[in-house]
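Engineer: Take a look at the following structure, please.
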Number of protein chains: 2
Amino acid sequence: MKLLEDKIRREGKILDGSILKVSSFLNHQMDPELIMQLGEEFARRFANDKVTKILTIESSGIALALAAGYALRAPVVFAKKHRSSNVFGDVYQTTVHSYTHGMDYNVVVESEFLCPGDRILLVDDFLANGKALEGLLELVRQAGAEAVGAGIAIEKGFQEGGNLLRKDGLRIESLAIVEKMEGSDIFFKQQNE
Amino acid sequence: MKLLEDKIRREGKILDGSILKVSSFLNHQMDPELIMQLGEEFARRFANDKVTKILTIESSGIALALAAGYALRAPVVFAKKHRSSNVFGDVYQTTVHSYTHGMDYNVVVESEFLCPGDRILLVDDFLANGKALEGLLELVRQAGAEAVGAGIAIEKGFQEGGNLLRKDGLRIESLAIVEKMEGSDIFFKQQNE
């Protein structure tokens with residue numbers, strides 16, 4: 001999606017050669033107009049998939065998921081990373097390893113919010129090693145629901161998560177796929193839109 | 001705001017007499033249409049305050065803040081609760097005590113995203129003891145910016161946070177103020193809208 005690629009080129013910062021920092025518009029400071037447009041693009045790509053619910057993971061997926069849910073007129077659920085005292089009763093949960101934070105954490109959704117028959121669109125800001133998506137897919141499986149696909153803002157094409165999950169049959173729509181970063185240059189994979 | 005009060009009456013659950021659970025539409029599962037309308041209401045109430053930025057705290061404030069930022073055409077910043085490896089350089093930070101989780105945590109914003117001269121609208125889903133808002137106000141103070149007020153979805157009027165902060169001069173616009181909860185009944189403070 002050219003709009004997003006242009007924004008990444010203008011405002012993205014490359015740290016240590018492999019970390020792409022987009023915190024000026026996507027996951028710390030957020031550009032609401034852009035995020036609503038990304039949500040509309042997810043909705044366009046999954047318009048015929050009878051999505052009944054959006055599922056993401058706190059925190060940086062929430063805004064994109066809201067935007068997608070607004071455009072698709074579907075409720076949005078965000079999985080929580082810790083079981084708080086306000087989460088009670090039956091839950092679906094799994095463990096996800098975060099490379100960014102170097103730790104495992106529990107990912108929890110109250111079971112009443114994912115139902116058999118739900119057709120779920122997964123949404124997240126980044127896809128790199130795919131561990132977060134795998135965790136969300138496990139929650140969908142536990143619920144007896146179906147994942148119609150994943151809408152990702154930025155995929156790091158040089159990490160393996162996206163291709164492994166595609167091989168497993170998941171449809172992934174990444175609005176920008178970074179193929180490589182050299183110095184301060186960012187190269188995107190060409191996509192037909 | 002009648003729309004929100006009605007939704008709370010229909011879907012809110014009271015736990016242990018004092019916990020109001022609204023996770024079916026506000027802070028676990030989210031109703032995107034409702035949340036965008038709450039954002040528009042914040043925008044209406046602060047329309048003349050020359051807001052340059054929205055500030056909230058992860059995770060459950062993010063959706064509301066995005067909605068407010070979209071309506072006010074202002075960027076949204078969410079303070080992070082842990083210093084992750086992707087947050088680098090200069091930051092503003094403070095400590096906030098969470099009664100819900102029974103712990104202190106660090107609240108961090110990269111300093112480039114809060115500037116002297118910024119006119120900041122604080123947004124959060126709940127106001128109870130006021131500790132989260134106090135933390136955000138401290139970040140605004142560190143930045144040399146100005147808080148024009150706070151937009152809150154649900155204030156627990158029977159806890160002290162709101163009134164203490166109002167006494168300190170903060171303008172707080174709470175879209176629903178719960179005065180008391182008895183059995184399964186929720187009573188709201190009458191407000192002129």
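In the structure tokens, chains take the letters A, B, ... in the order shown, each chain's residues start at 1, and ligands count up from 1 in the order shown.
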Residues of chain A that have any atom at most 7 Å from an atom of chain B: could you tabulate them with the shortest-distance atom pair and the distance in Å to one decimal, using only C-alpha atoms, ordered by chain and increasing number, as a Markdown table?
Structural biologist:
```
| residue | atom | partner | partner_atom | distance |
| --- | --- | --- | --- | --- |
| A:His28 | CA | B:Phe78 | CA | 5.7 |
| A:Gln29 | CA | B:Val77 | CA | 4.2 |
| A:Met30 | CA | B:Val76 | CA | 5.1 |
| A:Asp31 | CA | B:Pro75 | CA | 5.2 |
| A:Pro32 | CA | B:Tyr70 | CA | 5.0 |
| A:Glu33 | CA | B:Tyr70 | CA | 6.1 |
| A:Glu58 | CA | B:Ser59 | CA | 6.3 |
| A:Ser59 | CA | B:Ser59 | CA | 5.4 |
| A:Ile62 | CA | B:Ala63 | CA | 6.6 |
| A:Ala63 | CA | B:Ala63 | CA | 5.6 |
| A:Leu66 | CA | B:Pro32 | CA | 5.9 |
| A:Gly69 | CA | B:Pro32 | CA | 6.1 |
| A:Tyr70 | CA | B:Pro32 | CA | 5.0 |
| A:Pro75 | CA | B:Asp31 | CA | 5.2 |
| A:Val76 | CA | B:Met30 | CA | 5.1 |
| A:Val77 | CA | B:Gln29 | CA | 4.1 |
| A:Phe78 | CA | B:His28 | CA | 5.7 |
| A:Ser84 | CA | B:His101 | CA | 6.5 |
| A:Ser85 | CA | B:Thr100 | CA | 6.6 |
| A:Thr100 | CA | B:Ser85 | CA | 6.6 |
| A:His101 | CA | B:Ser84 | CA | 6.4 |
| A:Phe113 | CA | B:Gln29 | CA | 6.8 |
```
Engineer: Extract the full set of helix (DSSP H, G or I) residues from region 6-73 of chain A according to DSSP on the backbone, and format it as an MDAnalysis selection string.
Structural biologist: chainID A and resid 6:11 32:45 62:72
Engineer: Next, the residues of the selection above should be written as a compact mmCIF listing (two decimals), in the first residue's frame with C-alpha atoms.
Structural biologist:
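So again-v3.txt came out as:
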```
# COMPACT_ATOMS: atom_id res chain seq x y z
CA ASP A 6 5.65 6.37 1.68
CA LYS A 7 5.00 7.10 5.34
CA ILE A 8 7.54 4.48 6.42
CA ARG A 9 10.12 5.94 4.02
CA ARG A 10 9.52 9.44 5.38
CA GLU A 11 9.29 8.73 9.09
CA PRO A 32 -5.37 8.57 13.44
CA GLU A 33 -6.17 9.50 9.84
CA LEU A 34 -3.58 7.04 8.52
CA ILE A 35 -4.67 4.30 10.90
CA MET A 36 -8.32 4.65 9.86
CA GLN A 37 -7.20 4.38 6.23
CA LEU A 38 -5.22 1.22 6.96
CA GLY A 39 -8.34 -0.19 8.63
CA GLU A 40 -10.37 0.60 5.52
CA GLU A 41 -7.80 -1.18 3.38
CA PHE A 42 -8.02 -4.31 5.56
CA ALA A 43 -11.81 -4.10 5.21
CA ARG A 44 -11.53 -3.82 1.43
CA ARG A 45 -9.26 -6.86 1.19
CA ILE A 62 -5.47 -2.18 19.20
CA ALA A 63 -5.74 0.99 17.14
CA LEU A 64 -5.46 -0.85 13.81
CA ALA A 65 -7.94 -3.46 14.96
CA LEU A 66 -10.41 -0.77 15.96
CA ALA A 67 -10.05 0.84 12.56
CA ALA A 68 -10.61 -2.49 10.80
CA GLY A 69 -13.59 -3.30 13.00
CA TYR A 70 -15.13 0.10 12.34
CA ALA A 71 -14.78 -0.36 8.59
CA LEU A 72 -16.07 -3.95 8.66
```
Engineer: DSSP on the backbone, then: every residue of region 28-152 of chain B marked strand (DSSP E or B), written as an NGL selection string.
Structural biologist: :B and (29-30 or 53-57 or 76-80 or 91-98 or 103-110 or 119-127 or 146-152)
Engineer: Using only C-alpha atoms, which protein or nucleic acid residues come within 10 Å of Ala128 (chain B)? Drop anything in the same chain fewer than 6 positions from it, and give the result as a PyMOL selection string.
Structural biologist: chain B and resi 99+154-163
Engineer: Any chance you can output those residues with N, CA and C atoms as a PDB file, in the first residue's frame?
Structural biologist:
```pdb
ATOM      1  N   TYR B  99      -4.177  -0.080  41.485  1.00  0.00           N
ATOM      2  CA  TYR B  99      -4.924  -0.827  42.500  1.00  0.00           C
ATOM      3  C   TYR B  99      -5.469  -2.122  41.915  1.00  0.00           C
ATOM      4  N   ILE B 154     -15.911   6.426  31.648  1.00  0.00           N
ATOM      5  CA  ILE B 154     -16.696   6.101  32.842  1.00  0.00           C
ATOM      6  C   ILE B 154     -15.941   6.530  34.094  1.00  0.00           C
ATOM      7  N   GLU B 155     -16.539   7.437  34.841  1.00  0.00           N
ATOM      8  CA  GLU B 155     -15.962   7.840  36.118  1.00  0.00           C
ATOM      9  C   GLU B 155     -16.726   7.151  37.247  1.00  0.00           C
ATOM     10  N   LYS B 156     -15.981   6.618  38.182  1.00  0.00           N
ATOM     11  CA  LYS B 156     -16.608   6.092  39.391  1.00  0.00           C
ATOM     12  C   LYS B 156     -16.706   7.238  40.385  1.00  0.00           C
ATOM     13  N   GLY B 157     -17.894   7.847  40.431  1.00  0.00           N
ATOM     14  CA  GLY B 157     -18.080   9.042  41.255  1.00  0.00           C
ATOM     15  C   GLY B 157     -17.954   8.782  42.737  1.00  0.00           C
ATOM     16  N   PHE B 158     -18.046   7.509  43.118  1.00  0.00           N
ATOM     17  CA  PHE B 158     -17.945   7.156  44.540  1.00  0.00           C
ATOM     18  C   PHE B 158     -16.509   6.924  44.964  1.00  0.00           C
ATOM     19  N   GLN B 159     -15.572   7.080  44.025  1.00  0.00           N
ATOM     20  CA  GLN B 159     -14.157   7.087  44.404  1.00  0.00           C
ATOM     21  C   GLN B 159     -13.648   8.509  44.238  1.00  0.00           C
ATOM     22  N   GLU B 160     -12.528   8.788  44.855  1.00  0.00           N
ATOM     23  CA  GLU B 160     -12.172  10.194  45.075  1.00  0.00           C
ATOM     24  C   GLU B 160     -11.401  10.864  43.937  1.00  0.00           C
ATOM     25  N   GLY B 161     -10.875  10.070  43.002  1.00  0.00           N
ATOM     26  CA  GLY B 161      -9.952  10.614  42.016  1.00  0.00           C
ATOM     27  C   GLY B 161     -10.474  11.836  41.272  1.00  0.00           C
ATOM     28  N   GLY B 162     -11.672  11.729  40.739  1.00  0.00           N
ATOM     29  CA  GLY B 162     -12.211  12.811  39.921  1.00  0.00           C
ATOM     30  C   GLY B 162     -12.300  14.118  40.692  1.00  0.00           C
ATOM     31  N   ASN B 163     -12.837  14.047  41.892  1.00  0.00           N
ATOM     32  CA  ASN B 163     -13.040  15.295  42.629  1.00  0.00           C
ATOM     33  C   ASN B 163     -11.727  15.898  43.117  1.00  0.00           C
TER      34      ASN B 163
END
```
Engineer: Pull the closest atom pair for each residue of region 94-150 of chain A that gets at most 12 Å from region 174-180 of chain A, along with the distance in Å to one decimal, counting only C-alpha atoms, ordering rows by chain and then ascending residue number, as a tab-separated table.
Structural biologist:
```
residue	atom	partner	partner_atom	distance
A:Leu122	CA	A:Ser174	CA	11.6
A:Val123	CA	A:Ser174	CA	9.9
A:Asp124	CA	A:Ser174	CA	9.7
A:Asp125	CA	A:Ser174	CA	9.4
A:Phe126	CA	A:Ser174	CA	8.9
A:Leu127	CA	A:Ser174	CA	8.4
A:Ala128	CA	A:Val178	CA	10.1
A:Gly149	CA	A:Ser174	CA	10.6
A:Ala150	CA	A:Ser174	CA	8.0
```
Engineer: Take the residues just selected and output them with C-alpha atoms as a compact mmCIF listing (two decimals), in the first residue's frame.
Structural biologist:
```
# COMPACT_ATOMS: atom_id res chain seq x y z
CA LEU A 122 -6.48 -11.27 13.00
CA VAL A 123 -4.90 -7.81 12.99
CA ASP A 124 -1.50 -6.64 14.17
CA ASP A 125 0.93 -3.84 13.51
CA PHE A 126 4.00 -6.01 12.81
CA LEU A 127 4.70 -9.50 11.57
CA ALA A 128 8.26 -10.74 12.03
CA GLY A 149 -6.82 -14.39 7.58
CA ALA A 150 -4.50 -11.80 9.04
```
Engineer: Report, in Å with one decimal, the straight-line distance from CA of Leu136 (chain A) to CA of Glu5 (chain A).
Structural biologist: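 These two atoms are separated by 26.0 Å.
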Engineer: Smallest atom-to-atom distance to Ile152 (chain A): which of A:Cys115, A:Val108, A:Val140, A:Met1, using only C-alpha atoms?
Structural biologist: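 For Ile152 (chain A), the nearest of the given residues is A:Met1.
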Engineer: Kindly indicate which residue among B:Asp118, B:Met181, B:Thr56, B:Ile186 lies nearest to Ala132 (chain B), using only C-alpha atoms for the distances.
Structural biologist: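 Ranking B:Asp118, B:Met181, B:Thr56, B:Ile186 by distance to Ala132 (chain B), first place goes to B:Thr56.
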